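Visitor: Have a look at this one before I ask anything.
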Amino acid sequence: MTVLFYLSAIVAVVSTVLVITRTRAIHALLYLIVSLLAVALVFFSLGAHFIAALEVIIYAGAIMMLFVFMIMMLNLGTEAACQERQWLSGGMWVGPGILALLLGAELVYVIAGGGLTAVSAGQVSPKQVGIALFGPYLLGVELASLLLLVALIGAYHLGRREALTVHPETRVAPASRRCDSGVSGCTLIDVPKEEA
Amino acid sequence: MVGVPAEHGLILAAILFALGLAGVLLRRNIVFILMALEIMLNAAGLAFVVAGARWAQPDGQIMFIFILTMAAAEVAVGLALVLQFYHRFKTLDADAASRMRG
Amino acid sequence: MLTLLWLIPALPLAGFLVLVSGGRNWSRPAVAAIGVGSVGLSALVAVAVGASFMLAPPQGEAYTQSLWTWMDVAGLNARIALRLDALALVMVLVVAVVSLLIHWYSAEFMIEEEGYGRFFAYMNLFVGSMLVLVLADNLLLLYLGWEGVGLCSYLLIGFWYKEPANGRAAQKAFIVTRVGDAAMAIGLFLLFNHLGTLQIQELLHRAGQQWPAGSGLAVAAAALLLGGAVGKSAQLPLQTWLPDAMAGPSPVSALIHAATMVTAGVYLIARMNVLFTLAPVVQSAVAVIGALTLLLAGFSALVQSDIKRVLAYSTISQIGYMFLALGVGAWSAAIFHFMIHAFFKALLFLAAGVVILRLHHEHDMFRMGGLRRRMPAVFWTFLIGCASLSAVPLVTAGFYSKDLILWQAWSSPAGGPWLFAAGLVGAFITSAYAFRMVFITFCGEPQPLVTQSSPLPRTGTSLAGPLVILAAASVVGGFVELPATLGHRPLFSDFLGSVLPSVRAARGSAATELALQVVSAAVCLAGIGLAYAMFLRQRAYAESLARSAWTRPLHRFWFGGWGFDWLYDRLFVRPIVWFARIDKNDFIDSLYQGVAWLSERCHRLLSRTQNGRLRWYAMGISAGAVIVIAIVVWL
């Protein structure tokens with residue numbers, strides 16, 4: 001198990017690095033999925049089987065699919081990749097790199113210096129998780145469902161405008177048209193160009 | 001099942017978190033920023049699960065469930081916003097939305 | 001009758017208020033009626049009060065009328081209180097009567113000028129302030145009157161404000177007297193601080209008890225008050241403002257700069273005589289200042305060509321005589337000379353005013369001439385005034401007053417031959433320049449300006465009346481104080497004896513006194529003779545003398561008032577102007593502006609951090625997190 005842990009840890013780190021350095025969106029996404037799967041294996045090696053399964057199903061399954069649909073819809077193709085390459089020039093790495101490094105170093109320092117050399121003890125079965133969910137954490141569950149409902153409504157509302165296909169020729173300059181949601185559906189209204 | 005030091009798990013979580021942060025700061029494309037954000041959330045959840053496994057209690061896993069729920073909700077709304085963003089600015093450059101400045 | 005005392009200053013002040021509120025819109029006769037009337041009523045009340053005082057003197061030879069409390073704070077109980085004693089009565093009568101005559105004169109004189117109402121308003125305010133000054137019971141009220149007359153002097157010198165030179169002259173007068181006023185204020189602080197009161201009688205009493213003669217505090221206080229007196233009375237070293245103050249109208253020069261305001265310093269010293277007696281050093285300084293000033297001004301008057309400037313320097317010189325008298329302890333002689341001087345100097349200024357007016361505001365004497373036949377009334381009154389100024393023996397009042405001073409200068413314990421000699425030389429120069437004025441202006445051949453302006457209109461009653469009255473006063477005014485050699489009737493000194501201590505002769509006998517009188521009479525006539533020779537008979541010789549190489553610089557030096565203007569300009573004016581120029585942007589203010597500038601810069605700097613970019617904010621958050629964790633972990 002420990003070997004599994006360390007192996008999947010290495011895979012996770014490597015694929016994460018690749019995620020943040022890819023220029024094509026789909027590639028980065030796929031590496032992200034790999035990273036998530038590796039983390040699921042890490043969960044498994046720690047004895048958290050239920051969570052490993054959830055990670056795969058929900059995170060790598062549902063959430064990443066959302067990303068895939070988004071990328072498909074936005075049609076990020078070759079010229080987007082070129083754009084990304086431009087944006088990822090060498091000098092860009094300095095600031096973020098230093099900050100991330102510092103943060104990581106601090107966290108590692110805190111963790112390592114904490115003196116908690118404890119060993120993980122046994123696995124936690126799904127049954128225990130279920131009992132805890134319907135027991136002490138019942139309120140949290142209800143709130144989480146509320147949150148999901150809110151997200152559903154919000155996403156529906158915000159995304160609803162994309163139901164319209166705007167003809168390229170009638171497309172005007174940005175920030176000069178506004179969508180007004182009436183009873184009969186979405187209509188585009190011309191608004192006077194605001195001051196920048 | 002036995003023998004993985006908890007701190008190594010936490011260190012893994014810290015590294016993933018730092019990488020996610022680097023991604024958020026580095027990338028200009030909003031979709032990539034969201035992806036890096038997911039990495040960070042995942043790393044935080046990993047830390048919870050490691051802690052729960054160390055004490056052999058389900059609380060860590062439950063926390064991870066909640067984080068997962070929240071991540072799902074956030075991604076849903078966030079991606080809808082990204083679509084709006086794209087339709088407004090015709091680009092996915094995060095720096096394009098900088099009118100709240102001064 | 002004495003309870004009407006408060007009306008004396010109140011009436012002119014009321015006239016001022018009335019004229020200030022409405023004088024612009026009323027007709028000239030109405031304004032003149034109010035302006036002259038208020039002073040006239042005040043003079044009437046003054047005469048009535050004076051008669052009552054002299055016929056039935058109140059208890060302690062003084063009458064105090066307390067009106068209300070001005071302020072009562074921290075031990076200073078200053079009341080608006082008027083005190084009438086012999087000295088104050090003399091001053092009040094002179095000020096009120098002479099002011100009345102001058103107001104009457106100016107009703108006609110200023111008839112053509114715009115700002116008629118303004119003129120009379122200021123004049124009334126002046127008379128009110130002067131009366132407050134001389135009637136004040138405490139030094140604070142006196143200082144109020146002091147400042148009031150200074151203000152009116154400024155307003156009236158700069159009356160024709162459209163001409164910038166007049167404004168400058170007014171500023172100069174105000175600023176130079178301010179120097180003296182500041183010294184006086186410090187003197188008041190010192191007196192109050194050590195003696196605990198500013199009420200004059202009480203103060204002098206305490207000073208006499210607490211301060212030994214010659215003590216440092218007495219010297220300091222007396223010196224500071226002397227500073228104030230020197231400023232107001234235009235003595236050395238603050239005399240530079242008076243010649244330039246002739247920029248104002250002639251009635252103003254007559255009233256303020258001849259008869260009343262400039263004598264405020266003399267009054268102050270006479271009033272505080274106890275203090276000066278306690279500080280003999282300062283008193284000798286007074287005498288020396290008086291002697292030097294009378295000589296300095298006399299020489300300057302000898303070479304002036306502007307008729308009013310001659311009279312201005314003459315005023316400075318005559319006040320020098322008063323200071324000389326005060327300095328040797330001849331208090332009553334100084335006040336006597338003040339009274340006589342008020343008469344003849346006002347007369348001279350008013351007469352000169354008529355001449356200037358008729359010749360279309362021409363001031364240069366050398367452009368006049370031959371006015372004797374054309375303006376006879378003015379000529380005769382002017383002649384009488386000059387005779388009194390020169391102290392022509394026996395027939396003029398000036399003789400009695402000046403002679404008294406010269407005799408006291410010789411005989412008083414604080415006097416001596418040197419002071420007497422200074423006074424004598426001064427007398428010679430006085431008669432020389434006085435009759436120089438007469439001969440150049442009125443006698444001789446008329447210059448083109450005069451012939452073109454002829455025939456000159458007849459001098460009206462309002463103009464001639466005051467001249468005649470003052471001329472009469474200049475002749476008979478001296479008979480109230482006959483010296484020992486001529487009948488010994490010192491009525492004036494006796495009257496003032498209740499307030500001003502008399503001086504005992506320390507040297508010289510009656511015979512010496514007679515000899516000295518003869519000498520001074522001879523000197524006066526010699527001066528007249530010199531003027532006659534130089535300016536009537538041998539005019540060409542005089543002119544060539546003035547133009548010769550070795551007299552030219554002397555002439556210029558005396559003409560410029562012995563270089564004081566030049567000196568003050570170099571010493572004070574230029575450095576201050578230079579400093580004001582480099583401080584044009586107010587470098588102290590720039591400190592505060594710097595604060596504003598700095599905060600604006602910081603604002604700009606910080607605004608740049610709000611650039612609206614998402615990743616920048618994320619960077620900020622993470623940097624903050626890093627720093628906070630670092631602080632928590634390592635500190």
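By order in the structure tokens, chains are A, B, ...; within a chain, residues start at 1; ligands start at 1, following the order shown.
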I need the contact residues of chain B against chain A, so if you could list those with any atom within 6 Å, counting only C-alpha atoms, and return them as a VMD selection string, that would help.
Guide: chain B and resid 1 to 6 11 14 to 15 18 22 to 23 25 to 26 53 to 54 56 58 73 76 to 77 80 88
Visitor: Those selected residues, please, written with N, CA, C and O atoms and delivered as a PDB file, in the first residue's frame.
Guide:
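That gives us out-v2.pdb:
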```pdb
ATOM      1  N   MET B   1      -2.400  -0.464   3.682  1.00  0.00           N
ATOM      2  CA  MET B   1      -3.317  -0.037   4.722  1.00  0.00           C
ATOM      3  C   MET B   1      -2.593   0.609   5.880  1.00  0.00           C
ATOM      4  O   MET B   1      -3.114   1.522   6.510  1.00  0.00           O
ATOM      5  N   VAL B   2      -1.466   0.137   6.174  1.00  0.00           N
ATOM      6  CA  VAL B   2      -0.732   0.711   7.304  1.00  0.00           C
ATOM      7  C   VAL B   2       0.576   1.265   6.793  1.00  0.00           C
ATOM      8  O   VAL B   2       1.031   0.935   5.712  1.00  0.00           O
ATOM      9  N   GLY B   3       1.135   2.109   7.555  1.00  0.00           N
ATOM     10  CA  GLY B   3       2.519   2.498   7.312  1.00  0.00           C
ATOM     11  C   GLY B   3       2.723   3.778   6.536  1.00  0.00           C
ATOM     12  O   GLY B   3       3.873   4.209   6.388  1.00  0.00           O
ATOM     13  N   VAL B   4       1.676   4.419   6.068  1.00  0.00           N
ATOM     14  CA  VAL B   4       1.944   5.684   5.354  1.00  0.00           C
ATOM     15  C   VAL B   4       1.899   6.818   6.375  1.00  0.00           C
ATOM     16  O   VAL B   4       0.892   7.032   7.023  1.00  0.00           O
ATOM     17  N   PRO B   5       2.988   7.491   6.545  1.00  0.00           N
ATOM     18  CA  PRO B   5       2.980   8.599   7.519  1.00  0.00           C
ATOM     19  C   PRO B   5       2.020   9.703   7.080  1.00  0.00           C
ATOM     20  O   PRO B   5       1.964  10.057   5.902  1.00  0.00           O
ATOM     21  N   ALA B   6       1.282  10.184   8.034  1.00  0.00           N
ATOM     22  CA  ALA B   6       0.266  11.193   7.709  1.00  0.00           C
ATOM     23  C   ALA B   6       0.905  12.442   7.142  1.00  0.00           C
ATOM     24  O   ALA B   6       0.348  13.093   6.242  1.00  0.00           O
ATOM     25  N   ILE B  11       2.055  16.555   3.063  1.00  0.00           N
ATOM     26  CA  ILE B  11       3.038  17.213   2.211  1.00  0.00           C
ATOM     27  C   ILE B  11       2.606  17.106   0.756  1.00  0.00           C
ATOM     28  O   ILE B  11       2.715  18.059  -0.033  1.00  0.00           O
ATOM     29  N   ALA B  14       0.111  19.660   0.223  1.00  0.00           N
ATOM     30  CA  ALA B  14       0.711  20.990   0.158  1.00  0.00           C
ATOM     31  C   ALA B  14       1.312  21.225  -1.226  1.00  0.00           C
ATOM     32  O   ALA B  14       1.146  22.294  -1.815  1.00  0.00           O
ATOM     33  N   ILE B  15       1.977  20.221  -1.735  1.00  0.00           N
ATOM     34  CA  ILE B  15       2.613  20.390  -3.049  1.00  0.00           C
ATOM     35  C   ILE B  15       1.559  20.613  -4.118  1.00  0.00           C
ATOM     36  O   ILE B  15       1.670  21.499  -4.973  1.00  0.00           O
ATOM     37  N   ALA B  18       0.180  24.095  -3.857  1.00  0.00           N
ATOM     38  CA  ALA B  18       1.098  25.111  -4.390  1.00  0.00           C
ATOM     39  C   ALA B  18       1.097  25.093  -5.910  1.00  0.00           C
ATOM     40  O   ALA B  18       1.104  26.144  -6.561  1.00  0.00           O
ATOM     41  N   ALA B  22       0.064  28.128  -8.360  1.00  0.00           N
ATOM     42  CA  ALA B  22       0.908  28.613  -9.457  1.00  0.00           C
ATOM     43  C   ALA B  22       0.108  28.673 -10.743  1.00  0.00           C
ATOM     44  O   ALA B  22       0.219  29.610 -11.538  1.00  0.00           O
ATOM     45  N   GLY B  23      -0.746  27.676 -10.935  1.00  0.00           N
ATOM     46  CA  GLY B  23      -1.563  27.663 -12.134  1.00  0.00           C
ATOM     47  C   GLY B  23      -2.531  28.829 -12.195  1.00  0.00           C
ATOM     48  O   GLY B  23      -2.702  29.468 -13.238  1.00  0.00           O
ATOM     49  N   LEU B  25      -2.229  31.709 -10.797  1.00  0.00           N
ATOM     50  CA  LEU B  25      -1.531  32.979 -11.009  1.00  0.00           C
ATOM     51  C   LEU B  25      -0.928  33.056 -12.402  1.00  0.00           C
ATOM     52  O   LEU B  25      -0.745  34.132 -12.961  1.00  0.00           O
ATOM     53  N   LEU B  26      -0.619  31.891 -12.952  1.00  0.00           N
ATOM     54  CA  LEU B  26       0.164  31.888 -14.167  1.00  0.00           C
ATOM     55  C   LEU B  26      -0.696  32.078 -15.404  1.00  0.00           C
ATOM     56  O   LEU B  26      -0.341  32.830 -16.312  1.00  0.00           O
ATOM     57  N   ALA B  53      -8.071   9.708   7.803  1.00  0.00           N
ATOM     58  CA  ALA B  53      -7.506   8.356   7.821  1.00  0.00           C
ATOM     59  C   ALA B  53      -6.533   8.192   8.982  1.00  0.00           C
ATOM     60  O   ALA B  53      -6.390   7.100   9.546  1.00  0.00           O
ATOM     61  N   ARG B  54      -5.884   9.237   9.358  1.00  0.00           N
ATOM     62  CA  ARG B  54      -4.929   9.121  10.442  1.00  0.00           C
ATOM     63  C   ARG B  54      -5.633   8.765  11.760  1.00  0.00           C
ATOM     64  O   ARG B  54      -5.137   8.000  12.562  1.00  0.00           O
ATOM     65  N   ALA B  56      -8.643   7.399  11.787  1.00  0.00           N
ATOM     66  CA  ALA B  56      -9.598   6.319  11.482  1.00  0.00           C
ATOM     67  C   ALA B  56     -11.024   6.759  11.795  1.00  0.00           C
ATOM     68  O   ALA B  56     -11.814   6.019  12.374  1.00  0.00           O
ATOM     69  N   PRO B  58     -14.600   8.815  10.176  1.00  0.00           N
ATOM     70  CA  PRO B  58     -15.205   9.163   8.880  1.00  0.00           C
ATOM     71  C   PRO B  58     -15.287  10.653   8.620  1.00  0.00           C
ATOM     72  O   PRO B  58     -15.648  11.079   7.513  1.00  0.00           O
ATOM     73  N   ALA B  73     -20.892  22.502  -7.499  1.00  0.00           N
ATOM     74  CA  ALA B  73     -21.741  23.684  -7.635  1.00  0.00           C
ATOM     75  C   ALA B  73     -20.956  24.841  -8.224  1.00  0.00           C
ATOM     76  O   ALA B  73     -21.410  25.551  -9.132  1.00  0.00           O
ATOM     77  N   ALA B  76     -20.281  24.433 -11.916  1.00  0.00           N
ATOM     78  CA  ALA B  76     -21.468  24.650 -12.742  1.00  0.00           C
ATOM     79  C   ALA B  76     -21.699  26.142 -12.956  1.00  0.00           C
ATOM     80  O   ALA B  76     -21.800  26.623 -14.097  1.00  0.00           O
ATOM     81  N   VAL B  77     -21.762  26.850 -11.880  1.00  0.00           N
ATOM     82  CA  VAL B  77     -22.014  28.288 -12.002  1.00  0.00           C
ATOM     83  C   VAL B  77     -20.867  28.989 -12.690  1.00  0.00           C
ATOM     84  O   VAL B  77     -21.048  29.857 -13.553  1.00  0.00           O
ATOM     85  N   ALA B  80     -20.910  28.570 -16.408  1.00  0.00           N
ATOM     86  CA  ALA B  80     -21.945  29.408 -17.006  1.00  0.00           C
ATOM     87  C   ALA B  80     -21.463  30.848 -17.106  1.00  0.00           C
ATOM     88  O   ALA B  80     -21.668  31.532 -18.125  1.00  0.00           O
ATOM     89  N   ARG B  88     -19.522  38.269 -23.936  1.00  0.00           N
ATOM     90  CA  ARG B  88     -19.408  39.707 -23.729  1.00  0.00           C
ATOM     91  C   ARG B  88     -18.114  40.233 -24.314  1.00  0.00           C
ATOM     92  O   ARG B  88     -18.087  41.241 -24.993  1.00  0.00           O
TER      93      ARG B  88
END
```
Visitor: List the spatial neighbours of Asp93 (chain B) as a ChimeraX atom specification - criterion: any atom at most 12 Å away, only C-alpha atoms, same-chain residues fewer than 6 positions off excluded.
Guide: /A:80,83-84,87 /B:27-33,82,85-86 /C:613-615
Visitor: I need the chosen residues saved as a compact mmCIF listing (two decimals), in the first residue's frame, with all heavy atoms.
Guide:
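Saved as selection_38.txt:
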```txt
# COMPACT_ATOMS: atom_id res chain seq x y z
N ALA A 80 -6.29 29.36 -30.32
CA ALA A 80 -6.28 29.51 -28.87
C ALA A 80 -5.00 28.96 -28.30
O ALA A 80 -4.39 29.54 -27.37
CB ALA A 80 -7.48 28.80 -28.27
N GLN A 83 -2.29 31.42 -28.83
CA GLN A 83 -2.47 32.49 -27.84
C GLN A 83 -1.88 32.08 -26.51
O GLN A 83 -1.14 32.83 -25.86
CB GLN A 83 -3.97 32.75 -27.71
CG GLN A 83 -4.38 33.79 -26.73
CD GLN A 83 -4.23 35.19 -27.27
OE1 GLN A 83 -3.13 35.68 -27.33
NE2 GLN A 83 -5.30 35.81 -27.68
N GLU A 84 -2.19 30.87 -26.12
CA GLU A 84 -1.71 30.37 -24.83
C GLU A 84 -0.20 30.32 -24.81
O GLU A 84 0.44 30.62 -23.80
CB GLU A 84 -2.28 28.98 -24.55
CG GLU A 84 -3.76 28.96 -24.25
CD GLU A 84 -4.08 29.69 -22.94
OE1 GLU A 84 -3.26 29.58 -22.02
OE2 GLU A 84 -5.09 30.37 -22.89
N TRP A 87 1.12 33.63 -24.16
CA TRP A 87 0.92 34.06 -22.79
C TRP A 87 1.81 33.33 -21.80
O TRP A 87 2.07 33.83 -20.72
CB TRP A 87 -0.56 33.82 -22.36
CG TRP A 87 -1.48 34.85 -22.92
CD1 TRP A 87 -1.14 36.07 -23.41
CD2 TRP A 87 -2.89 34.76 -23.05
NE1 TRP A 87 -2.25 36.74 -23.84
CE2 TRP A 87 -3.35 35.96 -23.62
CE3 TRP A 87 -3.84 33.75 -22.73
CZ2 TRP A 87 -4.68 36.20 -23.88
CZ3 TRP A 87 -5.15 34.01 -22.98
CH2 TRP A 87 -5.59 35.23 -23.55
N ARG B 27 -1.82 31.34 -15.45
CA ARG B 27 -2.57 31.27 -16.68
C ARG B 27 -3.47 32.46 -16.87
O ARG B 27 -4.00 33.01 -15.92
CB ARG B 27 -3.43 29.99 -16.72
CG ARG B 27 -2.69 28.73 -16.45
CD ARG B 27 -1.55 28.50 -17.43
NE ARG B 27 -1.99 28.39 -18.79
CZ ARG B 27 -1.89 27.28 -19.52
NH1 ARG B 27 -1.37 26.20 -19.00
NH2 ARG B 27 -2.30 27.26 -20.76
N ARG B 28 -3.63 32.82 -18.14
CA ARG B 28 -4.47 33.97 -18.43
C ARG B 28 -5.83 33.58 -18.92
O ARG B 28 -6.77 34.36 -18.86
CB ARG B 28 -3.79 34.83 -19.49
CG ARG B 28 -3.49 36.20 -18.98
CD ARG B 28 -2.54 36.89 -19.87
NE ARG B 28 -3.26 37.97 -20.54
CZ ARG B 28 -2.67 39.01 -21.12
NH1 ARG B 28 -1.37 39.05 -21.16
NH2 ARG B 28 -3.37 39.94 -21.69
N ASN B 29 -5.95 32.37 -19.38
CA ASN B 29 -7.21 31.89 -19.89
C ASN B 29 -8.08 31.47 -18.73
O ASN B 29 -7.65 30.71 -17.85
CB ASN B 29 -6.93 30.69 -20.81
CG ASN B 29 -8.13 30.35 -21.64
OD1 ASN B 29 -9.26 30.44 -21.16
ND2 ASN B 29 -7.89 29.95 -22.86
N ILE B 30 -9.30 31.95 -18.75
CA ILE B 30 -10.17 31.70 -17.60
C ILE B 30 -10.42 30.22 -17.37
O ILE B 30 -10.47 29.75 -16.22
CB ILE B 30 -11.51 32.43 -17.79
CG1 ILE B 30 -11.30 33.91 -17.57
CG2 ILE B 30 -12.54 31.91 -16.85
CD1 ILE B 30 -12.52 34.67 -17.26
N VAL B 31 -10.57 29.48 -18.44
CA VAL B 31 -10.85 28.05 -18.27
C VAL B 31 -9.70 27.37 -17.55
O VAL B 31 -9.89 26.54 -16.66
CB VAL B 31 -11.08 27.41 -19.65
CG1 VAL B 31 -11.29 25.94 -19.51
CG2 VAL B 31 -12.26 28.08 -20.32
N PHE B 32 -8.48 27.77 -17.90
CA PHE B 32 -7.32 27.17 -17.23
C PHE B 32 -7.25 27.57 -15.77
O PHE B 32 -6.85 26.80 -14.90
CB PHE B 32 -6.03 27.60 -17.93
CG PHE B 32 -5.79 26.86 -19.19
CD1 PHE B 32 -6.23 27.38 -20.41
CD2 PHE B 32 -5.15 25.65 -19.18
CE1 PHE B 32 -6.01 26.68 -21.59
CE2 PHE B 32 -4.92 24.96 -20.35
CZ PHE B 32 -5.35 25.46 -21.57
N ILE B 33 -7.70 28.83 -15.53
CA ILE B 33 -7.70 29.28 -14.13
C ILE B 33 -8.67 28.42 -13.33
O ILE B 33 -8.39 27.99 -12.20
CB ILE B 33 -8.08 30.76 -14.05
CG1 ILE B 33 -6.98 31.63 -14.64
CG2 ILE B 33 -8.35 31.18 -12.62
CD1 ILE B 33 -7.27 33.10 -14.66
N VAL B 82 -18.40 31.75 -17.38
CA VAL B 82 -17.36 31.82 -18.42
C VAL B 82 -18.02 32.00 -19.78
O VAL B 82 -17.54 32.76 -20.62
CB VAL B 82 -16.49 30.54 -18.40
CG1 VAL B 82 -15.65 30.45 -19.66
CG2 VAL B 82 -15.58 30.56 -17.19
N PHE B 85 -19.03 35.51 -20.09
CA PHE B 85 -17.79 36.28 -20.26
C PHE B 85 -17.37 36.25 -21.74
O PHE B 85 -17.06 37.27 -22.35
CB PHE B 85 -16.72 35.66 -19.37
CG PHE B 85 -15.41 36.40 -19.38
CD1 PHE B 85 -15.17 37.40 -18.45
CD2 PHE B 85 -14.43 36.11 -20.31
CE1 PHE B 85 -13.97 38.07 -18.44
CE2 PHE B 85 -13.23 36.80 -20.31
CZ PHE B 85 -13.00 37.78 -19.38
N TYR B 86 -17.42 35.05 -22.29
CA TYR B 86 -16.97 34.90 -23.66
C TYR B 86 -17.85 35.67 -24.61
O TYR B 86 -17.38 36.31 -25.56
CB TYR B 86 -16.96 33.42 -24.02
CG TYR B 86 -16.41 33.17 -25.39
CD1 TYR B 86 -15.07 33.40 -25.69
CD2 TYR B 86 -17.24 32.71 -26.42
CE1 TYR B 86 -14.56 33.18 -26.93
CE2 TYR B 86 -16.74 32.48 -27.68
CZ TYR B 86 -15.39 32.72 -27.94
OH TYR B 86 -14.89 32.51 -29.18
N ARG C 613 -7.45 43.48 -12.52
CA ARG C 613 -7.12 42.20 -13.13
C ARG C 613 -7.21 41.11 -12.10
O ARG C 613 -6.69 41.22 -10.99
CB ARG C 613 -5.74 42.28 -13.72
CG ARG C 613 -5.67 43.35 -14.80
CD ARG C 613 -4.75 42.96 -15.88
NE ARG C 613 -3.42 42.79 -15.34
CZ ARG C 613 -2.36 43.47 -15.76
NH1 ARG C 613 -2.51 44.40 -16.67
NH2 ARG C 613 -1.18 43.23 -15.28
N LEU C 614 -7.81 40.05 -12.48
CA LEU C 614 -8.11 38.95 -11.57
C LEU C 614 -6.84 38.34 -11.00
O LEU C 614 -6.71 38.11 -9.80
CB LEU C 614 -8.91 37.90 -12.35
CG LEU C 614 -9.30 36.67 -11.57
CD1 LEU C 614 -10.31 37.05 -10.51
CD2 LEU C 614 -9.89 35.63 -12.51
N ARG C 615 -5.90 38.08 -11.90
CA ARG C 615 -4.72 37.35 -11.44
C ARG C 615 -3.88 38.19 -10.50
O ARG C 615 -3.21 37.69 -9.60
CB ARG C 615 -3.89 36.91 -12.63
CG ARG C 615 -4.66 35.96 -13.52
CD ARG C 615 -3.84 35.51 -14.68
NE ARG C 615 -3.34 36.66 -15.41
CZ ARG C 615 -2.09 36.75 -15.85
NH1 ARG C 615 -1.25 35.77 -15.65
NH2 ARG C 615 -1.72 37.82 -16.50
```
Visitor: Would you kindly report the residues of chain C within 12 Å of chain A, using only C-alpha atoms, as a PDB file with C-alpha atoms, in the first residue's frame?
Guide:
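Result written to iface-v1.pdb:
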```pdb
ATOM      1  CA  ARG C 615      -4.719  37.346 -11.442  1.00  0.00           C
ATOM      2  CA  TRP C 616      -3.209  40.401  -9.847  1.00  0.00           C
ATOM      3  CA  ALA C 618      -5.058  36.476  -6.680  1.00  0.00           C
ATOM      4  CA  MET C 619      -1.376  37.268  -6.467  1.00  0.00           C
ATOM      5  CA  GLY C 620      -2.153  39.760  -3.720  1.00  0.00           C
ATOM      6  CA  ILE C 621      -4.119  37.217  -1.756  1.00  0.00           C
ATOM      7  CA  SER C 622      -1.454  34.568  -1.989  1.00  0.00           C
ATOM      8  CA  ALA C 623       1.331  36.996  -1.172  1.00  0.00           C
ATOM      9  CA  GLY C 624      -0.630  38.067   1.880  1.00  0.00           C
ATOM     10  CA  ALA C 625      -1.172  34.467   2.902  1.00  0.00           C
ATOM     11  CA  VAL C 626       2.534  33.733   2.524  1.00  0.00           C
ATOM     12  CA  ILE C 627       3.491  36.696   4.635  1.00  0.00           C
ATOM     13  CA  VAL C 628       0.962  36.007   7.353  1.00  0.00           C
ATOM     14  CA  ILE C 629       1.977  32.375   7.605  1.00  0.00           C
ATOM     15  CA  ALA C 630       5.596  33.442   7.760  1.00  0.00           C
ATOM     16  CA  ILE C 631       4.828  35.847  10.566  1.00  0.00           C
ATOM     17  CA  VAL C 632       2.880  33.282  12.490  1.00  0.00           C
ATOM     18  CA  VAL C 633       5.420  30.544  12.056  1.00  0.00           C
ATOM     19  CA  TRP C 634       8.626  32.407  12.539  1.00  0.00           C
TER      20      TRP C 634
END
```
Visitor: Mind running chain B against chain C at 8 Å and telling me each contacting residue's nearest atom pair with the distance in Å (one decimal), counting only C-alpha atoms, chain and number ascending, as CSV?
Guide:
```
residue,atom,partner,partner_atom,distance
B:Val24,CA,C:Arg615,CA,7.2
B:Leu25,CA,C:Arg615,CA,5.4
B:Leu26,CA,C:Arg615,CA,7.8
B:Arg28,CA,C:Arg615,CA,7.8
B:Ala94,CA,C:Leu614,CA,6.5
B:Asp95,CA,C:Arg613,CA,5.2
B:Ala96,CA,C:Arg613,CA,7.8
B:Ala97,CA,C:Arg613,CA,6.9
B:Ser98,CA,C:Gly612,CA,4.1
B:Arg99,CA,C:Gly612,CA,6.1
B:Met100,CA,C:Gly612,CA,5.0
B:Arg101,CA,C:Gly612,CA,4.4
B:Gly102,CA,C:Ser607,CA,5.2
```
Visitor: Go through B:Ile39, B:Glu7, B:Gly52, B:Leu12 and flag the residue nearest Phe64 (chain B), using only C-alpha atoms for the distances.
Guide: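 Closest residue, counting only C-alpha atoms: B:Gly52.
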Visitor: Separation of CA of Leu13 (chain C) and CA of Gly35 (chain C), in Å?
Guide: 10.2 Å
Visitor: Got a sec to tell me which of chain B DSSP assigns to helix (DSSP H, G or I), as number ranges by chain?
Guide: B: 6-26, 30-55, 59-89, 94-96
Visitor: Could you please determine the separation between CA of Ile175 (chain C) and CA of Phe557 (chain C) in Å, to one decimal place?
Guide: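 We find that CA of Ile175 (chain C) and CA of Phe557 (chain C) lie 23.8 Å from each other.
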Visitor: Report the distance between CA of Leu491 (chain C) and CA of Phe479 (chain C) in Å, rounded to one decimal place.
Guide: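 Separating CA of Leu491 (chain C) from CA of Phe479 (chain C) is a distance of 8.9 Å.
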Visitor: Could you pull the residues within 9 Å of Val95 (chain C), counting only C-alpha atoms, minus those fewer than 6 positions along the same chain, as a ChimeraX atom specification?
Guide: /C:43,127,130-131,255,259-260,342
Visitor: How would you write, as a compact mmCIF listing (two decimals) with N, CA, C and O atoms, in the first residue's frame, the set of residues in region 327-531 of chain C that DSSP gives as strand (DSSP E)?
Guide:
```txt
# COMPACT_ATOMS: atom_id res chain seq x y z
N GLU C 481 1.23 133.30 30.66
CA GLU C 481 2.41 132.83 31.40
C GLU C 481 3.52 133.86 31.22
O GLU C 481 4.34 133.73 30.31
N LEU C 482 3.50 134.85 32.08
CA LEU C 482 4.53 135.88 31.94
C LEU C 482 5.72 135.50 32.81
O LEU C 482 5.56 135.14 33.98
N ARG C 489 3.79 136.41 36.03
CA ARG C 489 2.41 135.98 36.19
C ARG C 489 2.28 134.56 35.62
O ARG C 489 1.73 134.37 34.53
N PRO C 490 2.80 133.56 36.35
CA PRO C 490 2.73 132.20 35.76
C PRO C 490 1.36 131.56 35.98
O PRO C 490 1.24 130.58 36.71
```
